[in-house]
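Reproduced below: structure21.pdb, with PDB, C-alpha atoms.
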ATOM      1  CA  MET A   1     184.282  34.499  44.455
ATOM      2  CA  LYS A   2     181.837  37.376  44.147
ATOM      3  CA  ARG A   3     179.950  36.012  47.169
ATOM      4  CA  ASN A   4     183.168  35.930  49.207
ATOM      5  CA  LEU A   5     183.990  39.505  48.167
ATOM      6  CA  TYR A   6     180.479  40.579  49.177
ATOM      7  CA  LEU A   7     180.832  38.924  52.579
ATOM      8  CA  ALA A   8     184.243  40.510  53.105
ATOM      9  CA  ALA A   9     182.882  43.918  52.198
ATOM     10  CA  THR A  10     179.971  43.408  54.575
ATOM     11  CA  VAL A  11     182.296  42.458  57.421
ATOM     12  CA  VAL A  12     184.536  45.474  56.758
ATOM     13  CA  ALA A  13     181.502  47.772  56.612
ATOM     14  CA  GLY A  14     180.253  46.306  59.867
ATOM     15  CA  VAL A  15     183.599  46.884  61.557
ATOM     16  CA  ILE A  16     183.764  50.454  60.256
ATOM     17  CA  GLY A  17     180.172  51.048  61.325
ATOM     18  CA  SER A  18     180.844  49.716  64.812
ATOM     19  CA  ALA A  19     183.936  51.878  65.127
ATOM     20  CA  GLY A  20     181.934  54.883  63.979
ATOM     21  CA  MET A  21     179.260  54.175  66.569
ATOM     22  CA  ALA A  22     181.859  53.785  69.287
ATOM     23  CA  GLN A  23     183.446  57.069  68.263
ATOM     24  CA  ALA A  24     180.044  58.776  68.243
ATOM     25  CA  GLN A  25     179.449  57.553  71.769
ATOM     26  CA  ASP A  26     182.779  58.850  73.096
ATOM     27  CA  LYS A  27     180.956  61.954  74.300
ATOM     28  CA  PRO A  28     177.839  61.778  76.476
ATOM     29  CA  THR A  29     174.365  63.179  76.124
ATOM     30  CA  ILE A  30     173.769  65.411  79.153
ATOM     31  CA  ALA A  31     170.280  66.656  80.034
ATOM     32  CA  VAL A  32     169.501  68.997  82.921
ATOM     33  CA  VAL A  33     166.023  69.331  84.433
ATOM     34  CA  ALA A  34     165.405  72.848  85.764
ATOM     35  CA  LYS A  35     162.964  73.739  88.513
ATOM     36  CA  VAL A  36     160.870  75.720  86.071
ATOM     37  CA  GLY A  37     161.521  76.941  82.564
ATOM     38  CA  GLY A  38     161.200  80.415  81.108
ATOM     39  CA  ILE A  39     162.414  82.505  84.050
ATOM     40  CA  PRO A  40     165.654  84.543  83.938
ATOM     41  CA  TRP A  41     167.621  82.381  86.382
ATOM     42  CA  PHE A  42     167.120  79.179  84.413
ATOM     43  CA  ASN A  43     167.430  80.940  81.076
ATOM     44  CA  ALA A  44     170.963  81.865  82.162
ATOM     45  CA  MET A  45     171.592  78.293  83.318
ATOM     46  CA  GLU A  46     170.455  76.991  79.942
ATOM     47  CA  GLN A  47     172.889  79.372  78.249
ATOM     48  CA  GLY A  48     175.718  77.958  80.353
ATOM     49  CA  ILE A  49     174.698  74.374  79.564
ATOM     50  CA  GLU A  50     174.705  75.055  75.844
ATOM     51  CA  GLU A  51     177.966  77.015  75.885
ATOM     52  CA  MET A  52     179.849  74.287  77.757
ATOM     53  CA  GLY A  53     178.272  71.630  75.564
ATOM     54  CA  ASP A  54     179.609  73.404  72.490
ATOM     55  CA  GLU A  55     183.025  73.848  74.106
ATOM     56  CA  LEU A  56     183.342  70.172  75.019
ATOM     57  CA  GLY A  57     181.618  68.829  71.924
ATOM     58  CA  VAL A  58     178.853  67.077  73.855
ATOM     59  CA  ASP A  59     175.095  67.005  73.362
ATOM     60  CA  ALA A  60     173.923  69.070  76.330
ATOM     61  CA  TYR A  61     170.523  70.661  76.835
ATOM     62  CA  MET A  62     168.001  71.742  79.473
ATOM     63  CA  VAL A  63     164.439  70.599  80.106
ATOM     64  CA  GLY A  64     162.280  73.323  81.678
ATOM     65  CA  PRO A  65     158.971  72.264  83.269
ATOM     66  CA  THR A  66     156.108  74.734  82.889
ATOM     67  CA  SER A  67     155.723  75.150  86.658
ATOM     68  CA  ALA A  68     157.553  74.282  89.869
ATOM     69  CA  ASP A  69     155.428  71.148  90.343
ATOM     70  CA  PRO A  70     157.688  68.255  91.495
ATOM     71  CA  ALA A  71     155.556  65.807  89.507
ATOM     72  CA  LEU A  72     156.609  67.546  86.300
ATOM     73  CA  GLN A  73     160.260  66.989  87.188
ATOM     74  CA  VAL A  74     159.583  63.302  87.800
ATOM     75  CA  ARG A  75     157.906  63.071  84.402
ATOM     76  CA  ALA A  76     160.856  64.834  82.771
ATOM     77  CA  VAL A  77     163.374  62.435  84.334
ATOM     78  CA  GLU A  78     161.268  59.435  83.283
ATOM     79  CA  ASP A  79     161.327  60.747  79.725
ATOM     80  CA  LEU A  80     165.103  61.205  79.796
ATOM     81  CA  ILE A  81     165.576  57.650  81.073
ATOM     82  CA  ALA A  82     163.449  56.402  78.170
ATOM     83  CA  ARG A  83     165.603  58.406  75.748
ATOM     84  CA  GLY A  84     168.714  56.720  77.106
ATOM     85  CA  VAL A  85     170.707  59.845  77.964
ATOM     86  CA  ASP A  86     174.078  59.327  79.662
ATOM     87  CA  VAL A  87     173.907  62.029  82.338
ATOM     88  CA  ILE A  88     170.876  63.527  84.057
ATOM     89  CA  GLY A  89     171.205  66.714  86.074
ATOM     90  CA  VAL A  90     168.393  68.062  88.269
ATOM     91  CA  VAL A  91     167.765  71.165  90.333
ATOM     92  CA  PRO A  92     165.092  69.581  92.565
ATOM     93  CA  ASN A  93     161.839  71.179  93.608
ATOM     94  CA  ASP A  94     161.268  68.353  96.099
ATOM     95  CA  ARG A  95     164.123  65.997  96.910
ATOM     96  CA  GLU A  96     161.987  63.227  98.397
ATOM     97  CA  VAL A  97     159.594  63.097  95.459
ATOM     98  CA  LEU A  98     162.514  62.678  93.058
ATOM     99  CA  GLU A  99     164.419  59.976  94.940
ATOM    100  CA  PRO A 100     162.634  56.939  93.383
ATOM    101  CA  VAL A 101     163.045  58.118  89.793
ATOM    102  CA  LEU A 102     166.675  59.123  90.355
ATOM    103  CA  LYS A 103     167.322  55.638  91.751
ATOM    104  CA  LYS A 104     165.729  54.194  88.622
ATOM    105  CA  ALA A 105     168.094  56.286  86.486
ATOM    106  CA  ARG A 106     171.182  55.149  88.377
ATOM    107  CA  ASP A 107     170.032  51.525  88.294
ATOM    108  CA  GLN A 108     170.102  51.827  84.509
ATOM    109  CA  GLY A 109     173.670  53.137  84.533
ATOM    110  CA  ILE A 110     172.870  56.804  84.075
ATOM    111  CA  ILE A 111     175.086  59.299  85.912
ATOM    112  CA  VAL A 112     172.923  61.510  88.134
ATOM    113  CA  LEU A 113     173.930  64.975  89.322
ATOM    114  CA  THR A 114     172.006  67.489  91.401
ATOM    115  CA  HIS A 115     172.485  71.149  92.247
ATOM    116  CA  GLU A 116     170.974  72.946  95.258
ATOM    117  CA  SER A 117     170.193  69.564  96.841
ATOM    118  CA  PRO A 118     173.017  68.370  99.129
ATOM    119  CA  ASP A 119     170.742  65.904 100.929
ATOM    120  CA  SER A 120     169.791  63.985  97.785
ATOM    121  CA  GLU A 121     170.676  60.300  98.114
ATOM    122  CA  ASN A 122     170.290  58.503  94.783
ATOM    123  CA  ILE A 123     172.928  60.543  92.968
ATOM    124  CA  ASP A 124     176.575  60.453  91.988
ATOM    125  CA  TYR A 125     177.270  64.004  93.158
ATOM    126  CA  ASP A 126     175.552  67.197  94.183
ATOM    127  CA  PHE A 127     177.462  70.421  93.620
ATOM    128  CA  GLU A 128     177.030  73.760  95.353
ATOM    129  CA  MET A 129     178.547  77.002  94.083
ATOM    130  CA  ILE A 130     178.637  78.303  97.670
ATOM    131  CA  SER A 131     177.949  76.575 100.979
ATOM    132  CA  ALA A 132     174.464  76.858 102.424
ATOM    133  CA  GLN A 133     175.910  78.149 105.680
ATOM    134  CA  GLN A 134     177.830  80.957 104.019
ATOM    135  CA  LEU A 135     174.964  82.045 101.763
ATOM    136  CA  GLY A 136     172.430  82.129 104.588
ATOM    137  CA  GLU A 137     174.721  83.940 106.995
ATOM    138  CA  GLU A 138     175.687  86.622 104.469
ATOM    139  CA  HIS A 139     172.024  87.526 104.035
ATOM    140  CA  ALA A 140     171.433  87.502 107.789
ATOM    141  CA  LYS A 141     174.374  89.864 108.319
ATOM    142  CA  LEU A 142     173.038  92.197 105.618
ATOM    143  CA  LEU A 143     169.617  92.213 107.269
ATOM    144  CA  ALA A 144     171.157  92.934 110.684
ATOM    145  CA  ASP A 145     173.351  95.716 109.311
ATOM    146  CA  THR A 146     170.532  97.462 107.474
ATOM    147  CA  THR A 147     167.815  97.142 110.148
ATOM    148  CA  GLY A 148     169.916  97.500 113.283
ATOM    149  CA  CYS A 149     168.340  94.236 114.473
ATOM    150  CA  GLU A 150     165.051  96.049 115.062
ATOM    151  CA  GLY A 151     161.566  95.001 114.008
ATOM    152  CA  SER A 152     160.340  91.696 112.575
ATOM    153  CA  TYR A 153     161.321  89.925 109.379
ATOM    154  CA  ALA A 154     159.978  87.340 106.938
ATOM    155  CA  VAL A 155     161.649  84.517 105.039
ATOM    156  CA  TYR A 156     160.593  83.314 101.586
ATOM    157  CA  VAL A 157     161.706  80.043  99.957
ATOM    158  CA  GLY A 158     160.804  78.478  96.636
ATOM    159  CA  GLY A 159     158.907  75.704  98.405
ATOM    160  CA  LEU A 160     158.843  74.244 101.889
ATOM    161  CA  ASN A 161     160.508  71.073 100.571
ATOM    162  CA  VAL A 162     163.121  72.695  98.317
ATOM    163  CA  PRO A 163     166.340  71.421  99.924
ATOM    164  CA  ALA A 164     168.823  74.212  99.284
ATOM    165  CA  HIS A 165     166.402  77.088  99.832
ATOM    166  CA  ASN A 166     165.475  75.807 103.265
ATOM    167  CA  ALA A 167     169.101  75.121 104.168
ATOM    168  CA  TRP A 168     169.960  78.743 103.346
ATOM    169  CA  ALA A 169     166.969  79.953 105.316
ATOM    170  CA  ASP A 170     167.903  77.773 108.303
ATOM    171  CA  ALA A 171     171.431  79.205 108.347
ATOM    172  CA  ALA A 172     170.121  82.768 108.165
ATOM    173  CA  VAL A 173     167.571  82.281 110.940
ATOM    174  CA  GLN A 174     170.113  80.544 113.185
ATOM    175  CA  TRP A 175     172.562  83.421 112.768
ATOM    176  CA  LEU A 176     169.876  85.998 113.560
ATOM    177  CA  ASP A 177     168.692  84.037 116.606
ATOM    178  CA  ALA A 178     172.252  84.091 117.921
ATOM    179  CA  ASN A 179     173.187  87.635 116.978
ATOM    180  CA  CYS A 180     169.886  89.569 116.903
ATOM    181  CA  PRO A 181     167.858  87.815 119.614
ATOM    182  CA  ASP A 182     165.252  90.590 119.808
ATOM    183  CA  MET A 183     164.464  90.359 116.104
ATOM    184  CA  LYS A 184     161.788  87.729 115.428
ATOM    185  CA  GLN A 185     160.122  86.263 112.368
ATOM    186  CA  ALA A 186     156.744  87.824 111.615
ATOM    187  CA  ALA A 187     155.458  84.368 110.617
ATOM    188  CA  ASP A 188     156.682  80.960 109.544
ATOM    189  CA  ARG A 189     158.548  80.971 106.244
ATOM    190  CA  PHE A 190     156.536  81.161 103.045
ATOM    191  CA  GLY A 191     156.995  78.908 100.006
ATOM    192  CA  VAL A 192     156.383  81.647  97.451
ATOM    193  CA  ALA A 193     159.833  82.606  96.179
ATOM    194  CA  GLU A 194     159.518  81.088  92.709
ATOM    195  CA  SER A 195     156.521  83.272  91.848
ATOM    196  CA  VAL A 196     156.525  87.070  91.521
ATOM    197  CA  ASP A 197     152.759  87.259  92.034
ATOM    198  CA  ASP A 198     152.667  84.983  95.093
ATOM    199  CA  SER A 199     155.549  86.772  96.787
ATOM    200  CA  ARG A 200     154.049  90.178  96.006
ATOM    201  CA  ASN A 201     150.662  89.195  97.466
ATOM    202  CA  THR A 202     152.297  87.634 100.535
ATOM    203  CA  THR A 203     154.287  90.818 101.120
ATOM    204  CA  LEU A 204     151.186  92.995 100.863
ATOM    205  CA  ASP A 205     149.490  90.762 103.458
ATOM    206  CA  LEU A 206     152.507  90.964 105.770
ATOM    207  CA  ILE A 207     152.669  94.759 105.517
ATOM    208  CA  ARG A 208     149.019  94.987 106.558
ATOM    209  CA  ALA A 209     149.371  92.496 109.414
ATOM    210  CA  HIS A 210     152.777  93.512 110.802
ATOM    211  CA  PRO A 211     153.437  97.253 111.134
ATOM    212  CA  ASP A 212     156.896  96.481 112.561
ATOM    213  CA  LEU A 213     157.981  94.504 109.475
ATOM    214  CA  ALA A 214     161.575  95.584 108.858
ATOM    215  CA  GLY A 215     162.931  93.123 106.327
ATOM    216  CA  ILE A 216     162.329  90.270 103.924
ATOM    217  CA  MET A 217     164.899  87.666 102.930
ATOM    218  CA  SER A 218     164.016  85.709  99.811
ATOM    219  CA  PHE A 219     165.782  82.463  98.924
ATOM    220  CA  GLY A 220     164.321  82.004  95.460
ATOM    221  CA  SER A 221     164.835  83.930  92.230
ATOM    222  CA  GLN A 222     161.366  85.491  91.959
ATOM    223  CA  GLY A 223     160.582  86.221  95.610
ATOM    224  CA  THR A 224     162.895  89.210  95.906
ATOM    225  CA  ILE A 225     161.311  90.807  92.832
ATOM    226  CA  GLY A 226     157.752  90.244  94.034
ATOM    227  CA  ALA A 227     158.490  91.485  97.546
ATOM    228  CA  ALA A 228     160.225  94.587  96.213
ATOM    229  CA  ARG A 229     157.303  95.428  93.933
ATOM    230  CA  ALA A 230     154.901  95.244  96.869
ATOM    231  CA  VAL A 231     157.138  97.416  99.038
ATOM    232  CA  LYS A 232     157.436  99.964  96.241
ATOM    233  CA  GLU A 233     153.657 100.008  95.708
ATOM    234  CA  ARG A 234     153.151 100.885  99.363
ATOM    235  CA  GLY A 235     155.763 103.637  99.271
ATOM    236  CA  LEU A 236     157.984 101.825 101.776
ATOM    237  CA  ALA A 237     161.213 101.615  99.771
ATOM    238  CA  GLY A 238     164.106 101.732 102.220
ATOM    239  CA  ASP A 239     161.823 101.284 105.229
ATOM    240  CA  ILE A 240     161.399  97.561 104.613
ATOM    241  CA  LYS A 241     164.688  95.995 103.543
ATOM    242  CA  VAL A 242     164.282  93.484 100.730
ATOM    243  CA  MET A 243     167.172  91.171  99.946
ATOM    244  CA  GLY A 244     167.925  87.782  98.492
ATOM    245  CA  LEU A 245     168.528  85.956  95.251
ATOM    246  CA  PHE A 246     167.328  87.537  92.019
ATOM    247  CA  SER A 247     168.239  87.926  88.381
ATOM    248  CA  PRO A 248     170.319  91.121  88.058
ATOM    249  CA  GLY A 249     168.666  91.913  84.728
ATOM    250  CA  GLN A 250     165.237  91.593  86.292
ATOM    251  CA  GLY A 251     166.038  93.503  89.476
ATOM    252  CA  ARG A 252     168.598  96.132  88.494
ATOM    253  CA  ARG A 253     166.099  99.025  88.400
ATOM    254  CA  LEU A 254     164.706  98.092  91.808
ATOM    255  CA  VAL A 255     168.260  98.073  93.187
ATOM    256  CA  HIS A 256     168.998 101.540  91.827
ATOM    257  CA  GLU A 257     165.667 102.786  93.159
ATOM    258  CA  GLY A 258     166.656 101.607  96.626
ATOM    259  CA  VAL A 259     163.839  99.067  96.847
ATOM    260  CA  ILE A 260     166.086  95.991  96.763
ATOM    261  CA  THR A 261     168.821  96.341  99.360
ATOM    262  CA  GLY A 262     171.090  93.698  97.856
ATOM    263  CA  GLY A 263     171.889  90.036  98.137
ATOM    264  CA  PHE A 264     174.322  87.221  97.542
ATOM    265  CA  GLN A 265     174.069  84.419  95.037
ATOM    266  CA  TRP A 266     176.110  82.650  92.385
ATOM    267  CA  SER A 267     176.052  82.605  88.631
ATOM    268  CA  PRO A 268     173.395  80.284  87.171
ATOM    269  CA  LEU A 269     175.312  80.463  83.900
ATOM    270  CA  GLU A 270     178.363  79.040  85.673
ATOM    271  CA  ALA A 271     176.194  76.408  87.376
ATOM    272  CA  GLY A 272     174.942  75.323  83.959
ATOM    273  CA  LYS A 273     178.514  75.003  82.742
ATOM    274  CA  ALA A 274     179.414  73.016  85.870
ATOM    275  CA  PHE A 275     176.644  70.471  85.184
ATOM    276  CA  VAL A 276     178.128  69.730  81.765
ATOM    277  CA  ALA A 277     181.804  69.816  82.759
ATOM    278  CA  LEU A 278     181.216  67.549  85.754
ATOM    279  CA  GLY A 279     179.017  65.159  83.786
ATOM    280  CA  ASP A 280     181.592  64.889  81.019
ATOM    281  CA  ARG A 281     184.395  64.235  83.524
ATOM    282  CA  LEU A 282     182.450  61.458  85.256
ATOM    283  CA  TYR A 283     181.377  59.897  81.961
ATOM    284  CA  ASP A 284     185.055  59.671  80.990
ATOM    285  CA  GLY A 285     185.767  57.812  84.231
ATOM    286  CA  GLY A 286     187.326  60.738  86.083
ATOM    287  CA  GLU A 287     187.436  60.558  89.856
ATOM    288  CA  ILE A 288     186.947  63.424  92.285
ATOM    289  CA  ALA A 289     188.705  63.947  95.603
ATOM    290  CA  ASP A 290     188.570  66.577  98.318
ATOM    291  CA  GLY A 291     190.636  69.604  97.322
ATOM    292  CA  ASP A 292     190.539  68.915  93.576
ATOM    293  CA  ASP A 293     190.640  71.935  91.273
ATOM    294  CA  LEU A 294     187.786  71.247  88.847
ATOM    295  CA  PRO A 295     186.759  73.016  85.645
ATOM    296  CA  VAL A 296     184.261  75.826  86.366
ATOM    297  CA  LEU A 297     183.968  74.972  90.085
ATOM    298  CA  GLY A 298     187.609  75.592  90.995
ATOM    299  CA  LYS A 299     188.942  74.084  94.212
ATOM    300  CA  VAL A 300     186.228  72.055  95.912
ATOM    301  CA  ARG A 301     185.541  70.641  99.339
ATOM    302  CA  LEU A 302     184.074  67.141  99.158
ATOM    303  CA  ASP A 303     181.646  66.228 101.944
ATOM    304  CA  GLY A 304     180.100  62.816 101.316
ATOM    305  CA  HIS A 305     178.901  63.152  97.753
ATOM    306  CA  THR A 306     178.474  66.936  97.865
ATOM    307  CA  LEU A 307     181.002  69.218  96.194
ATOM    308  CA  PHE A 308     181.251  72.686  97.720
ATOM    309  CA  ALA A 309     182.807  75.458  95.671
ATOM    310  CA  SER A 310     183.205  79.075  96.758
ATOM    311  CA  LYS A 311     181.779  81.176  93.946
ATOM    312  CA  PRO A 312     179.688  83.918  95.592
ATOM    313  CA  LEU A 313     178.321  86.889  93.665
ATOM    314  CA  GLU A 314     177.399  90.002  95.622
ATOM    315  CA  LEU A 315     174.465  91.975  94.251
ATOM    316  CA  ASN A 316     174.538  95.713  94.871
ATOM    317  CA  GLU A 317     174.495  99.012  93.000
ATOM    318  CA  GLU A 318     178.101  98.545  91.919
ATOM    319  CA  THR A 319     177.723  95.029  90.496
ATOM    320  CA  VAL A 320     174.152  94.595  89.318
ATOM    321  CA  ASP A 321     174.513  96.381  85.960
ATOM    322  CA  GLN A 322     177.666  94.514  85.034
ATOM    323  CA  LEU A 323     176.074  91.179  85.930
ATOM    324  CA  ALA A 324     172.924  92.045  83.991
ATOM    325  CA  GLU A 325     174.982  92.829  80.909
ATOM    326  CA  LEU A 326     176.500  89.344  81.172
ATOM    327  CA  GLY A 327     173.005  87.966  80.679
ATOM    328  CA  LEU A 328     172.310  87.136  84.332
TER     329      LEU A 328
END

Could you render the structure as structure tokens?
Amino acid sequence: MKRNLYLAATVVAGVIGSAGMAQAQDKPTIAVVAKVGGIPWFNAMEQGIEEMGDELGVDAYMVGPTSADPALQVRAVEDLIARGVDVIGVVPNDREVLEPVLKKARDQGIIVLTHESPDSENIDYDFEMISAQQLGEEHAKLLADTTGCEGSYAVYVGGLNVPAHNAWADAAVQWLDANCPDMKQAADRFGVAESVDDSRNTTLDLIRAHPDLAGIMSFGSQGTIGAARAVKERGLAGDIKVMGLFSPGQGRRLVHEGVITGGFQWSPLEAGKAFVALGDRLYDGGEIADGDDLPVLGKVRLDGHTLFASKPLELNEETVDQLAELGL
């Protein structure tokens, strides 16, 4: 009789344990691989990831490689696959380099999301806070308005294979070719916009080589800062228009000094929240259709597997302090 009671208790404990495990697994583990850790843009994204994770009751965190080396992102994704996470998000440094490891993740049943990479293939969805066309064209219009379409200009991106950066740059250049035909690029675009030092040094070289340099558009969070510092060092604030993406907290003084002309971007904090909200929705079996009103992203346009929101942030003297105080 005691043996039967022991067996019954064991069975009951097993059932309770299984139910507890099932309940524990009701919410996913969501891990997001940044381009590079420790810089203001991705610090804000990490804050958003953690805040939305707390709000939804999910285990959500960011992995920040020590540099923008695509191989480090591959290694990070491999590690997350080995850990058995449920959702992997990536902001790719190089789409093509990541494709094999993202396919491996999906083959193992992991939901894969990207941001700033609409051409990625081995994913469930990519999401964009603003369309590449709109972001690029807004910067081109700002450059045209502030230079009068006179002189030459330069374009910085985070890397020559960073998908979103080059899409933004393409849109900007195409708009300028059509609307400011006499304004030409001083040189081919430079893949320096994720490094303050590299963008600063590139700007100093351009100033020496191109006396007619009128503007710099930077599609990367550190390029605008580095370019502005170089322009300020040479006493050319206002003469060379510097614009692009940057952390408001990092660039607010340069804006008020008239060194950074302005720019357009989106909130990395909101992008971090979107990674978690979207991952949680998909993990729960939610479907997404064109025109859906999604948490964080709002109403979206679905093109293939890319979700386009319309969440632009304008950076200027009126907005930069407020955005900086929000931690951006």

Scan for residues within 12 Å of the point (183.8, 60.4, 88.1) in the coordinates of the file, using all atoms listed in the file, and reply as a ChimeraX atom specification. /A:87,111-113,123-125,277-289,294,305

Could you tell me how far atom CA of Leu204 of chain A sits from atom CA of Val231 of chain A, in Å to one decimal place? 7.6 Å

One decimal place gives the atom CA of Ile30 of chain A-atom CA of Leu102 of chain A separation as 14.7 Å

Taking only residues of segment 106-137 of chain A that have an atom at most 12 Å from an atom of segment 239-259 of chain A, what is each one's shortest atom pair and its distance in Å to one decimal, using all atoms listed in the file, in chain and number order, as a tab-separated table?
residue	atom	partner	partner_atom	distance
A:Leu135	CA	A:Gly244	CA	9.7
A:Gly136	CA	A:Gly244	CA	9.5
A:Glu137	CA	A:Gly244	CA	11.5

Exactly which residues make up the result of the PyMOL selection byres ((chain A and resi 49-58) around 9) on this file, given as a VMD selection string? chain A and resid 27 to 32 44 to 48 59 to 62 269 to 277 280

Straight-line distance linking atom CA of Ile39 of chain A with atom CA of Gly235 of chain A, stated in Å to one decimal: 26.9 Å

Within 12 Å of Asn201 of chain A, counting only C-alpha atoms, which residues show up once you throw out same-chain ones fewer than 3 positions away? Write them as a PDB file with C-alpha atoms, keeping the file's coordinate frame, please.
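Saved to around_31.pdb:
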ATOM      1  CA  PHE A 190     156.536  81.161 103.045  1.00  0.00           C
ATOM      2  CA  VAL A 192     156.383  81.647  97.451  1.00  0.00           C
ATOM      3  CA  ALA A 193     159.833  82.606  96.179  1.00  0.00           C
ATOM      4  CA  SER A 195     156.521  83.272  91.848  1.00  0.00           C
ATOM      5  CA  VAL A 196     156.525  87.070  91.521  1.00  0.00           C
ATOM      6  CA  ASP A 197     152.759  87.259  92.034  1.00  0.00           C
ATOM      7  CA  ASP A 198     152.667  84.983  95.093  1.00  0.00           C
ATOM      8  CA  LEU A 204     151.186  92.995 100.863  1.00  0.00           C
ATOM      9  CA  ASP A 205     149.490  90.762 103.458  1.00  0.00           C
ATOM     10  CA  LEU A 206     152.507  90.964 105.770  1.00  0.00           C
ATOM     11  CA  ILE A 207     152.669  94.759 105.517  1.00  0.00           C
ATOM     12  CA  ARG A 208     149.019  94.987 106.558  1.00  0.00           C
ATOM     13  CA  GLY A 223     160.582  86.221  95.610  1.00  0.00           C
ATOM     14  CA  ILE A 225     161.311  90.807  92.832  1.00  0.00           C
ATOM     15  CA  GLY A 226     157.752  90.244  94.034  1.00  0.00           C
ATOM     16  CA  ALA A 227     158.490  91.485  97.546  1.00  0.00           C
ATOM     17  CA  ALA A 228     160.225  94.587  96.213  1.00  0.00           C
ATOM     18  CA  ARG A 229     157.303  95.428  93.933  1.00  0.00           C
ATOM     19  CA  ALA A 230     154.901  95.244  96.869  1.00  0.00           C
ATOM     20  CA  VAL A 231     157.138  97.416  99.038  1.00  0.00           C
ATOM     21  CA  GLU A 233     153.657 100.008  95.708  1.00  0.00           C
TER      22      GLU A 233
END

Could you tell me which residues the PyMOL selection byres ((chain A and resi 173-182) around 7) grabs in this file, written as a short mmCIF file (atom, residue, chain, number, x, y, z; two decimals) with C-alpha atoms, keeping the file's coordinate frame?
data_model
loop_
_atom_site.label_atom_id
_atom_site.label_comp_id
_atom_site.auth_asym_id
_atom_site.auth_seq_id
_atom_site.Cartn_x
_atom_site.Cartn_y
_atom_site.Cartn_z
CA GLU A 137 174.72 83.94 107.00
CA ALA A 140 171.43 87.50 107.79
CA CYS A 149 168.34 94.24 114.47
CA ALA A 169 166.97 79.95 105.32
CA ASP A 170 167.90 77.77 108.30
CA ALA A 171 171.43 79.20 108.35
CA ALA A 172 170.12 82.77 108.16
CA MET A 183 164.46 90.36 116.10
CA LYS A 184 161.79 87.73 115.43
#

Using the chain letters and residue numbers of this document, give as a ChimeraX atom specification the residues selected by the PyMOL selection byres ((chain A and resi 90) around 8). /A:32-35,88-89,91-92,112-115

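Proximity to Gly327 of chain A was assessed for A:Gly151, A:Trp41, A:Gln133, A:Asp293 counting all atoms listed in the file; the smallest distance is recorded for A:Trp41.
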
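Proximity ranking of A:Asn316, A:Thr306, A:Thr66, A:Thr261 relative to Thr147 of chain A places A:Thr261 first, based on all atoms listed in the file.
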
Please tell me which residues are no farther than 6 Å from (162.3, 80.0, 97.6) in the file, counting all atoms listed in the file, and write them as a VMD selection string. chain A and resid 156 to 159 165 191 193 to 194 219 to 220

Please return the centre and edge lengths, in Å to one decimal, of a box with edges along x, y and z that contains all listed atoms of segment 130-149 of chain A, widened by 5 Å on every side, as AutoDock Vina command-line options.
--center_x 173.2 --center_y 87.0 --center_z 106.1 --size_x 20.8 --size_y 30.9 --size_z 26.8

Shell of 6 Å around Asp94 of chain A, all atoms listed in the file, local chain residues under 2 positions omitted, as number ranges by chain: A: 70, 92, 96-97, 161-162

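Between Asn166 of chain A and the candidates A:Arg95, A:Lys103, A:Arg200, A:Lys299, the tightest atom-to-atom separation, counting only C-alpha atoms, involves A:Arg95.
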
Residue nearest Asp119 of chain A - candidates A:Pro163, A:Leu307, A:Pro40, A:Ser152, atoms counted: all atoms listed in the file: A:Pro163

Would you mind telling me which residue in A:Met129, A:Ala324, A:Ala214, A:Ala144 lies nearest to Gly298 of chain A when using only C-alpha atoms? A:Met129
